[in-house]
Amino acid sequence: MSNKSPWYYIIHWMRLYFGAHLLFSGIRYAVTGYVPEIPGLGGEWVQANANIYLYQMIKYLEIVTGAMLFFNRFTLLGLILEFPATVNIFWLNTFIVATPRQLFTGPQELFMNGVLLLAYSGWIFAAIKPKLEPLWLWDGAKAYKPGLGERLDDKRPAQGGKFNSEVN
């Protein structure tokens, strides 16, 4: 995405907003122990999660993922780690509790995470290829060479040409 495109700025604004939202929510809990009042069955569910320390774990995860998004470090990893909590928040707020506040926050959370995942999804192209050869983490730079997914040990250049880095 070109940095001259309006979408470039829209996506970065959304990343900053979502990261700040997650940081605020997680830090507010860590500092004050604040848990919003959730009526009915949803409140019982949140309390049950707090009793087994799952709620606390999610709040601390929000701090980590929020920092990843806000400071643009390991952004895609942060979005992926936050996604299960996002779906959970969306379901709870939209279908279980469904009060006006929750009807705003649940869909907003899913929209933000979903759009950002879509915007950064090009970086996971290799993960959705139908057939790949094994590639160790330390050899990850090879994934950016032409012929992604072909045999990496093959000594001939892909499609009979040189790699961009080899062209003078």
# chains A, B, ... in the order shown; residues from 1 in each chain; ligands from 1

call {"tool": "residues_around", "arguments": {"residues": "Ala85 in chain A", "least_positions_apart": "2", "cutoff": "12 Å", "atoms": "only C-alpha atoms", "output": "PyMOL selection string"}}
result
chain A and resi 22+54-55+57-62+65+78-83+87-93+106+109-110+113

call {"tool": "write_last_selection", "arguments": {"atoms": "N, CA and C atoms", "output": "compact mmCIF listing (two decimals), in the first residue's frame"}}
result
# COMPACT_ATOMS: atom_id res chain seq x y z
N LEU A 22 -6.92 -1.00 23.31
CA LEU A 22 -6.51 -2.20 24.03
C LEU A 22 -5.58 -1.85 25.20
N LEU A 54 -8.98 -16.36 33.87
CA LEU A 54 -8.96 -16.17 32.42
C LEU A 54 -9.18 -14.71 32.07
N TYR A 55 -10.09 -14.04 32.78
CA TYR A 55 -10.36 -12.62 32.54
C TYR A 55 -9.08 -11.80 32.74
N MET A 57 -5.99 -12.83 32.57
CA MET A 57 -5.03 -13.16 31.51
C MET A 57 -5.34 -12.39 30.23
N ILE A 58 -6.62 -12.29 29.88
CA ILE A 58 -7.03 -11.56 28.68
C ILE A 58 -6.70 -10.08 28.83
N LYS A 59 -6.89 -9.51 30.00
CA LYS A 59 -6.58 -8.09 30.21
C LYS A 59 -5.08 -7.83 30.06
N TYR A 60 -4.26 -8.71 30.58
CA TYR A 60 -2.81 -8.53 30.42
C TYR A 60 -2.39 -8.78 28.97
N LEU A 61 -3.07 -9.69 28.30
CA LEU A 61 -2.83 -9.89 26.88
C LEU A 61 -3.19 -8.63 26.09
N GLU A 62 -4.25 -7.93 26.51
CA GLU A 62 -4.63 -6.68 25.86
C GLU A 62 -3.51 -5.65 25.97
N THR A 65 -0.80 -6.92 23.38
CA THR A 65 -1.22 -6.75 21.99
C THR A 65 -1.47 -5.28 21.66
N GLY A 78 0.25 -9.42 16.88
CA GLY A 78 -0.67 -8.83 17.87
C GLY A 78 -2.12 -8.97 17.45
N LEU A 79 -2.41 -8.73 16.18
CA LEU A 79 -3.79 -8.87 15.69
C LEU A 79 -4.27 -10.31 15.79
N ILE A 80 -3.39 -11.24 15.45
CA ILE A 80 -3.77 -12.66 15.51
C ILE A 80 -3.98 -13.10 16.96
N LEU A 81 -3.11 -12.68 17.87
CA LEU A 81 -3.26 -13.04 19.27
C LEU A 81 -4.53 -12.46 19.88
N GLU A 82 -4.91 -11.27 19.45
CA GLU A 82 -6.09 -10.61 20.01
C GLU A 82 -7.39 -11.13 19.41
N PHE A 83 -7.33 -11.76 18.25
CA PHE A 83 -8.56 -12.14 17.54
C PHE A 83 -9.49 -13.06 18.34
N VAL A 87 -13.41 -12.01 19.08
CA VAL A 87 -14.61 -12.77 18.72
C VAL A 87 -15.45 -13.04 19.96
N ASN A 88 -14.79 -13.37 21.05
CA ASN A 88 -15.48 -13.62 22.31
C ASN A 88 -16.22 -12.37 22.79
N ILE A 89 -15.56 -11.22 22.74
CA ILE A 89 -16.19 -9.95 23.14
C ILE A 89 -17.36 -9.63 22.23
N PHE A 90 -17.17 -9.82 20.93
CA PHE A 90 -18.26 -9.57 19.99
C PHE A 90 -19.48 -10.43 20.30
N TRP A 91 -19.27 -11.72 20.48
CA TRP A 91 -20.39 -12.63 20.74
C TRP A 91 -21.10 -12.28 22.04
N LEU A 92 -20.32 -12.08 23.09
CA LEU A 92 -20.90 -11.76 24.40
C LEU A 92 -21.67 -10.44 24.34
N ASN A 93 -21.05 -9.40 23.79
CA ASN A 93 -21.68 -8.09 23.78
C ASN A 93 -22.87 -8.00 22.83
N GLY A 106 -18.96 -4.32 21.04
CA GLY A 106 -18.74 -5.65 20.45
C GLY A 106 -18.47 -5.58 18.95
N GLU A 109 -15.19 -3.70 18.08
CA GLU A 109 -13.98 -4.50 18.31
C GLU A 109 -13.75 -5.46 17.15
N LEU A 110 -14.79 -6.15 16.72
CA LEU A 110 -14.66 -7.11 15.61
C LEU A 110 -14.33 -6.38 14.31
N ASN A 113 -10.53 -5.16 14.45
CA ASN A 113 -9.59 -6.27 14.33
C ASN A 113 -9.70 -6.91 12.94

call {"tool": "closest_residue", "arguments": {"among": "A:Pro6, A:Ala143, A:Ala48, A:Phe104", "to": "Trp123 in chain A", "atoms": "only C-alpha atoms"}}
result
A:Ala143

call {"tool": "residues_around", "arguments": {"residues": "Leu41 in chain A", "least_positions_apart": "6", "cutoff": "10 Å", "atoms": "only C-alpha atoms", "output": "PyMOL selection string"}}
result
chain A and resi 47+92+96-97

call {"tool": "write_last_selection", "arguments": {"atoms": "N, CA and C atoms", "output": "mmCIF file, in the first residue's frame"}}
result
data_model
loop_
_atom_site.group_PDB
_atom_site.id
_atom_site.type_symbol
_atom_site.label_atom_id
_atom_site.label_comp_id
_atom_site.auth_asym_id
_atom_site.auth_seq_id
_atom_site.Cartn_x
_atom_site.Cartn_y
_atom_site.Cartn_z
ATOM 1 N N GLN A 47 -17.698 -13.191 35.438
ATOM 2 C CA GLN A 47 -17.268 -13.509 36.801
ATOM 3 C C GLN A 47 -16.677 -14.923 36.873
ATOM 4 N N LEU A 92 -20.322 -12.083 23.088
ATOM 5 C CA LEU A 92 -20.896 -11.756 24.397
ATOM 6 C C LEU A 92 -21.665 -10.440 24.341
ATOM 7 N N ILE A 96 -25.402 -11.950 23.696
ATOM 8 C CA ILE A 96 -25.751 -12.369 25.050
ATOM 9 C C ILE A 96 -26.249 -11.181 25.880
ATOM 10 N N VAL A 97 -25.478 -10.104 25.945
ATOM 11 C CA VAL A 97 -25.835 -8.951 26.774
ATOM 12 C C VAL A 97 -26.727 -7.980 26.004
#

call {"tool": "closest_atom_pairs", "arguments": {"of": "range 44-109 of chain A", "to": "range 34-39 of chain A", "cutoff": "9 Å", "atoms": "only C-alpha atoms", "output": "tab-separated table"}}
result
residue	atom	partner	partner_atom	distance
A:Glu44	CA	A:Pro39	CA	8.2
A:Val46	CA	A:Ile38	CA	8.0
A:Val97	CA	A:Pro39	CA	6.8
A:Thr99	CA	A:Pro39	CA	8.5
A:Gln102	CA	A:Ile38	CA	8.9

call {"tool": "write_last_selection", "arguments": {"atoms": "N, CA, C and O atoms", "output": "PDB file, in the first residue's frame"}}
result
ATOM      1  N   GLU A  44     -22.408 -13.061  34.738  1.00  0.00           N
ATOM      2  CA  GLU A  44     -22.057 -14.326  35.400  1.00  0.00           C
ATOM      3  C   GLU A  44     -20.908 -15.017  34.672  1.00  0.00           C
ATOM      4  O   GLU A  44     -20.018 -15.588  35.298  1.00  0.00           O
ATOM      5  N   VAL A  46     -18.564 -13.546  32.806  1.00  0.00           N
ATOM      6  CA  VAL A  46     -17.330 -12.794  33.049  1.00  0.00           C
ATOM      7  C   VAL A  46     -16.798 -13.103  34.445  1.00  0.00           C
ATOM      8  O   VAL A  46     -15.591 -13.288  34.639  1.00  0.00           O
ATOM      9  N   VAL A  97     -25.478 -10.104  25.945  1.00  0.00           N
ATOM     10  CA  VAL A  97     -25.835  -8.951  26.774  1.00  0.00           C
ATOM     11  C   VAL A  97     -26.727  -7.980  26.004  1.00  0.00           C
ATOM     12  O   VAL A  97     -27.806  -7.630  26.475  1.00  0.00           O
ATOM     13  N   THR A  99     -26.921  -4.775  25.478  1.00  0.00           N
ATOM     14  CA  THR A  99     -27.323  -3.455  25.947  1.00  0.00           C
ATOM     15  C   THR A  99     -26.719  -2.423  24.990  1.00  0.00           C
ATOM     16  O   THR A  99     -25.803  -2.749  24.235  1.00  0.00           O
ATOM     17  N   GLN A 102     -22.891  -2.291  24.961  1.00  0.00           N
ATOM     18  CA  GLN A 102     -22.290  -3.505  24.415  1.00  0.00           C
ATOM     19  C   GLN A 102     -22.564  -3.647  22.920  1.00  0.00           C
ATOM     20  O   GLN A 102     -21.745  -4.191  22.190  1.00  0.00           O
TER      21      GLN A 102
END

call {"tool": "residues_around", "arguments": {"residues": "Tyr17 in chain A", "least_positions_apart": "6", "cutoff": "9 Å", "atoms": "only C-alpha atoms", "output": "short mmCIF file (atom, residue, chain, number, x, y, z; two decimals) with all heavy atoms, in the first residue's frame"}}
result
data_model
loop_
_atom_site.label_atom_id
_atom_site.label_comp_id
_atom_site.auth_asym_id
_atom_site.auth_seq_id
_atom_site.Cartn_x
_atom_site.Cartn_y
_atom_site.Cartn_z
N LEU A 69 0.40 -3.19 18.63
CA LEU A 69 -0.30 -2.43 17.60
C LEU A 69 0.07 -0.95 17.66
O LEU A 69 0.36 -0.33 16.63
CB LEU A 69 -1.81 -2.59 17.74
CG LEU A 69 -2.36 -3.99 17.53
CD1 LEU A 69 -3.86 -4.00 17.80
CD2 LEU A 69 -2.06 -4.48 16.15
N PHE A 70 0.04 -0.39 18.84
CA PHE A 70 0.28 1.05 18.99
C PHE A 70 1.68 1.44 18.53
O PHE A 70 1.87 2.45 17.88
CB PHE A 70 0.04 1.48 20.44
CG PHE A 70 0.03 2.96 20.62
CD1 PHE A 70 -1.10 3.70 20.30
CD2 PHE A 70 1.13 3.62 21.11
CE1 PHE A 70 -1.11 5.08 20.45
CE2 PHE A 70 1.14 5.00 21.26
CZ PHE A 70 0.01 5.73 20.93
N MET A 112 -12.76 -3.46 13.89
CA MET A 112 -11.38 -2.95 13.92
C MET A 112 -10.38 -4.08 13.70
O MET A 112 -9.49 -3.98 12.86
CB MET A 112 -11.09 -2.24 15.25
CG MET A 112 -11.92 -1.01 15.50
SD MET A 112 -11.57 0.32 14.37
CE MET A 112 -10.07 0.94 15.06
#

call {"tool": "atom_distance", "arguments": {"atom1": "CA of Trp45 in chain A", "atom2": "CA of Phe24 in chain A"}}
result
22.5 Å

call {"tool": "select_by_dssp", "arguments": {"residues": "range 25-75 of chain A", "states": "helix (DSSP H, G or I)", "output": "PyMOL selection string"}}
result
chain A and resi 25-32+40-51+54-70+75
